[in-house]
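K.L.:
Structure below; questions to follow.
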Amino acid sequence: MPLNNERPTSMSTVSSEDQSSDTESLERCNSLTLSSDVDYSRQSFTSDSSSKHNSPSCSPPKTLTLDDVVASARDLSNLSLAHEIVVNRNFHLEPPEIPQNSLEKRVKDMVHKAFWDCLESELNDDPPEYDYAIKLLEEIRDILISFLNPGANRMRTQIMEVLDMDLIRQQADNNAVDIQGLVSYIINTMGKFCAPVRDDEIKQLKENSWDIVTVFKEIFRVLDLMKMDMVNFTIQNLRPDLQRQSVEYERAKFQSILERTPNALDHTTEWIKESVEEATHLMPPMEKSSDPGQSSKSLPGPTLVLNIAYRRLLTWDESKGPLPETVMTDEGRLQEMQRSLQLYQAVASVLLIVYSSIGGAVSGLPALVERLKKMTAVLLDGMHSVDFNLTEALGNVSAQICCEVNKSLAERNFPALPAELQATLKGQICDITQGNNPIRTLVETRVQMYFKVVLTSTISHRTPPPVPPGLGLIQPELMALGLSFVNLVNYNKQVYSPFYVSILKNLLFINTTGETLQNENIQGSPTSPLESK
């Protein structure tokens, strides 16, 4: 909370910068992730003892009560809010906007109009009545006091003396209320408390000669804005403290949810189980063993399993099931990454087709290629929407590309592209909607290769690795996305690694002796928070 002479700064930056701010806020976690989590995972995989927050509780099945559901919902809300404040440096609250034609908006307008009409009627009586005005003054006084910190006794005393409700009621009984003087004092006091962004609003309140009802309306409008500014100022001040304690706080909140709802890790367990199966298929065959019941495949390491699991989030199909519970606080960020990656892959596919079909017309012209890239991205923006006609959009892309290339050729006194070549180019570009299209498959495979390298590299949170051949046209965008993704993953590992450890123990090592586990973890290469063989 601000002191008397402190003025909260405005939080006017919009959420469109969330991706870059997420990267900056999460970078602080990575050096810890790459060292402390390694030691932690060794201990967790070789020991059955753990504290309350070091593994999910194994509670027997029980019937959930309404209180359990409400408490879990409250914990989830607090967890989500704290997570957003920590990872999103530009996070701020904005006044709620009620849809214009909604029932809520109509009811609210009717109630407010009735109140202001009653206030105006009272003040126009002869002699005037002040019942409604006194209620407003009392509410304004309480709001002004709420802006003060606990030590601002002088200002609190002054406000209480000027806006003394008992005295004002006595003055009203004798028709001696100086309503203009009280309003003037309120506006001047608001000017001392408001953020600089509200200076123009206060100036307008002082200069306009409205009737008293309109002045009260405007005072409450500005007070609502000031309350939102105060909330954002408080969030800004709390962020450093939350960042220092965020991992333990989020882990504790999730643990409390898990204790009330034991099935709160069902989707996470299924997510990791499917990743274990995928990782097992990638493992080389084991040497022949005398044990007929032993699997023919080597056991995948925890790091391999989790890296596969995290990569699957980038291509998650929500129609087949919800996201794992442990990444729900990053659901919006993951969806944005999915959409961006989908767009980048489509742009890369289109440009690869252009280079393979008419490479001579665009080679050595980086400005033209960049223009084609931006134009393609604009025309394909929103391709994740269900009602987006991708085939039609790709047809428009091919037409614009041919137009831009022909224009460039004309500027250099070269003939335009033949009609047959333009038709072929359009057909090849539109074909990338097919799931088995070789260009599309090539791009998607290499993108997955890139993210595999990003997740296994120990320095990708600072310097993303270069992209594979064929993806150079989207290298800046892909590297920025990789940086954001690896930072999100590292923070998620810090918070939820104890829960992953417990699940992986059951899925990977339930039939393995503790001695074997210890040897495997010690021999592993400590290249990431959870070691792999």
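Please note that chains go A, B, ... in the order of the structure tokens, that every chain numbers its residues from 1, and that ligands are numbered from 1 in the order shown.
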What are the closest atom pairs, with distances in Å to one decimal, for each residue of range 167-236 of chain A lying within 9 Å of range 143-149 of chain A, using only C-alpha atoms, rows by chain and rising residue number, as JSON lines?

P.N.:
```
{"residue": "A:Ile186", "atom": "CA", "partner": "A:Leu144", "partner_atom": "CA", "distance": 8.5}
{"residue": "A:Thr189", "atom": "CA", "partner": "A:Leu144", "partner_atom": "CA", "distance": 8.0}
{"residue": "A:Met190", "atom": "CA", "partner": "A:Leu144", "partner_atom": "CA", "distance": 7.5}
{"residue": "A:Phe193", "atom": "CA", "partner": "A:Phe147", "partner_atom": "CA", "distance": 7.3}
{"residue": "A:Leu223", "atom": "CA", "partner": "A:Ile143", "partner_atom": "CA", "distance": 7.8}
{"residue": "A:Met226", "atom": "CA", "partner": "A:Phe147", "partner_atom": "CA", "distance": 8.9}
{"residue": "A:Lys227", "atom": "CA", "partner": "A:Phe147", "partner_atom": "CA", "distance": 8.0}
{"residue": "A:Met230", "atom": "CA", "partner": "A:Phe147", "partner_atom": "CA", "distance": 7.4}
```

K.L.:
Next, write the just-selected residues to a file, as a compact mmCIF listing (two decimals), in the first residue's frame, keeping N, CA and C atoms as the atom set.

P.N.:
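Final output, selection.txt:
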```
# COMPACT_ATOMS: atom_id res chain seq x y z
N ILE A 186 -13.22 16.32 -1.03
CA ILE A 186 -13.09 14.94 -1.51
C ILE A 186 -12.25 14.88 -2.78
N THR A 189 -8.60 15.51 -2.02
CA THR A 189 -8.00 14.34 -1.36
C THR A 189 -7.76 13.22 -2.38
N MET A 190 -8.69 13.03 -3.28
CA MET A 190 -8.49 12.02 -4.34
C MET A 190 -7.26 12.34 -5.17
N PHE A 193 -4.16 10.98 -3.62
CA PHE A 193 -4.02 9.52 -3.56
C PHE A 193 -3.88 8.88 -4.93
N LEU A 223 -13.22 6.93 -8.44
CA LEU A 223 -12.84 6.10 -7.29
C LEU A 223 -12.72 4.63 -7.68
N MET A 226 -9.48 4.27 -9.30
CA MET A 226 -8.40 4.35 -8.30
C MET A 226 -8.29 3.06 -7.50
N LYS A 227 -9.42 2.42 -7.21
CA LYS A 227 -9.37 1.14 -6.49
C LYS A 227 -8.67 0.08 -7.33
N MET A 230 -5.04 0.75 -7.21
CA MET A 230 -4.48 0.33 -5.93
C MET A 230 -4.24 -1.18 -5.91
```

K.L.:
For a test of reading the model, state the distance in Å between CA of Thr433 in chain A and CA of Gln338 in chain A, rounded to one decimal.

P.N.:
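We find that CA of Thr433 in chain A and CA of Gln338 in chain A lie 17.1 Å from each other.
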
K.L.:
Between A:Ala423, A:Val486, A:Ile503, A:Ala348, single out the one closest to Val454 in chain A, counting only C-alpha atoms.

P.N.:
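The shortest atom-to-atom distance to Val454 in chain A comes from A:Val486.
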
K.L.:
With only C-alpha atoms as the atoms that count, which of A:Asn436, A:Val305, A:Glu201, A:Asp266 lies nearest to Leu282 in chain A?

P.N.:
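Smallest distance to Leu282 in chain A is found for A:Val305.
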
K.L.:
Name the closest residue to Ser497 in chain A among the candidates A:Glu248, A:Ser121, A:His384, A:Asp126; distances are taken between atoms, counting only C-alpha atoms.

P.N.:
A:Glu248

K.L.:
Using only C-alpha atoms, which of the listed residues (A:Ala361, A:Leu379, A:Leu137, A:Cys118) sits closest to Glu411 in chain A?

P.N.:
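Under the stated criterion, the closest residue is A:Ala361.
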
K.L.:
Can you pull out every residue within 12 Å of Trp210 in chain A, counting only C-alpha atoms, but drop anything in the same chain fewer than 5 positions away, and send it as a list in words?

P.N.:
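Contacts, with the query itself left out: Gln180, Val183, Gln204, Leu205, Val215, Phe216, Lys217, Glu218 and Ile219 of chain A.
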
K.L.:
Between A:Leu299, A:Leu380, A:Ala176, A:Cys403, which has the minimum distance to Pro285 in chain A (counting only C-alpha atoms)?

P.N.:
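The closest residue to Pro285 in chain A is A:Leu299.
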
K.L.:
Set the distance at 12 Å and use only C-alpha atoms: which residues neighbour range 96-110 of chain A once local chain neighbours fewer than 3 positions away are removed? I'd like the list as a count of residues only.

P.N.:
9

K.L.:
How far is it from CA of Leu455 in chain A to CA of Leu478 in chain A, in Å with one decimal?

P.N.:
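A separation of 13.7 Å between them.
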
K.L.:
Could you please determine the separation between CA of Tyr310 in chain A and CA of Asn490 in chain A in Å, to one decimal place?

P.N.:
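Computing the Euclidean distance for CA of Tyr310 in chain A and CA of Asn490 in chain A yields 10.4 Å.
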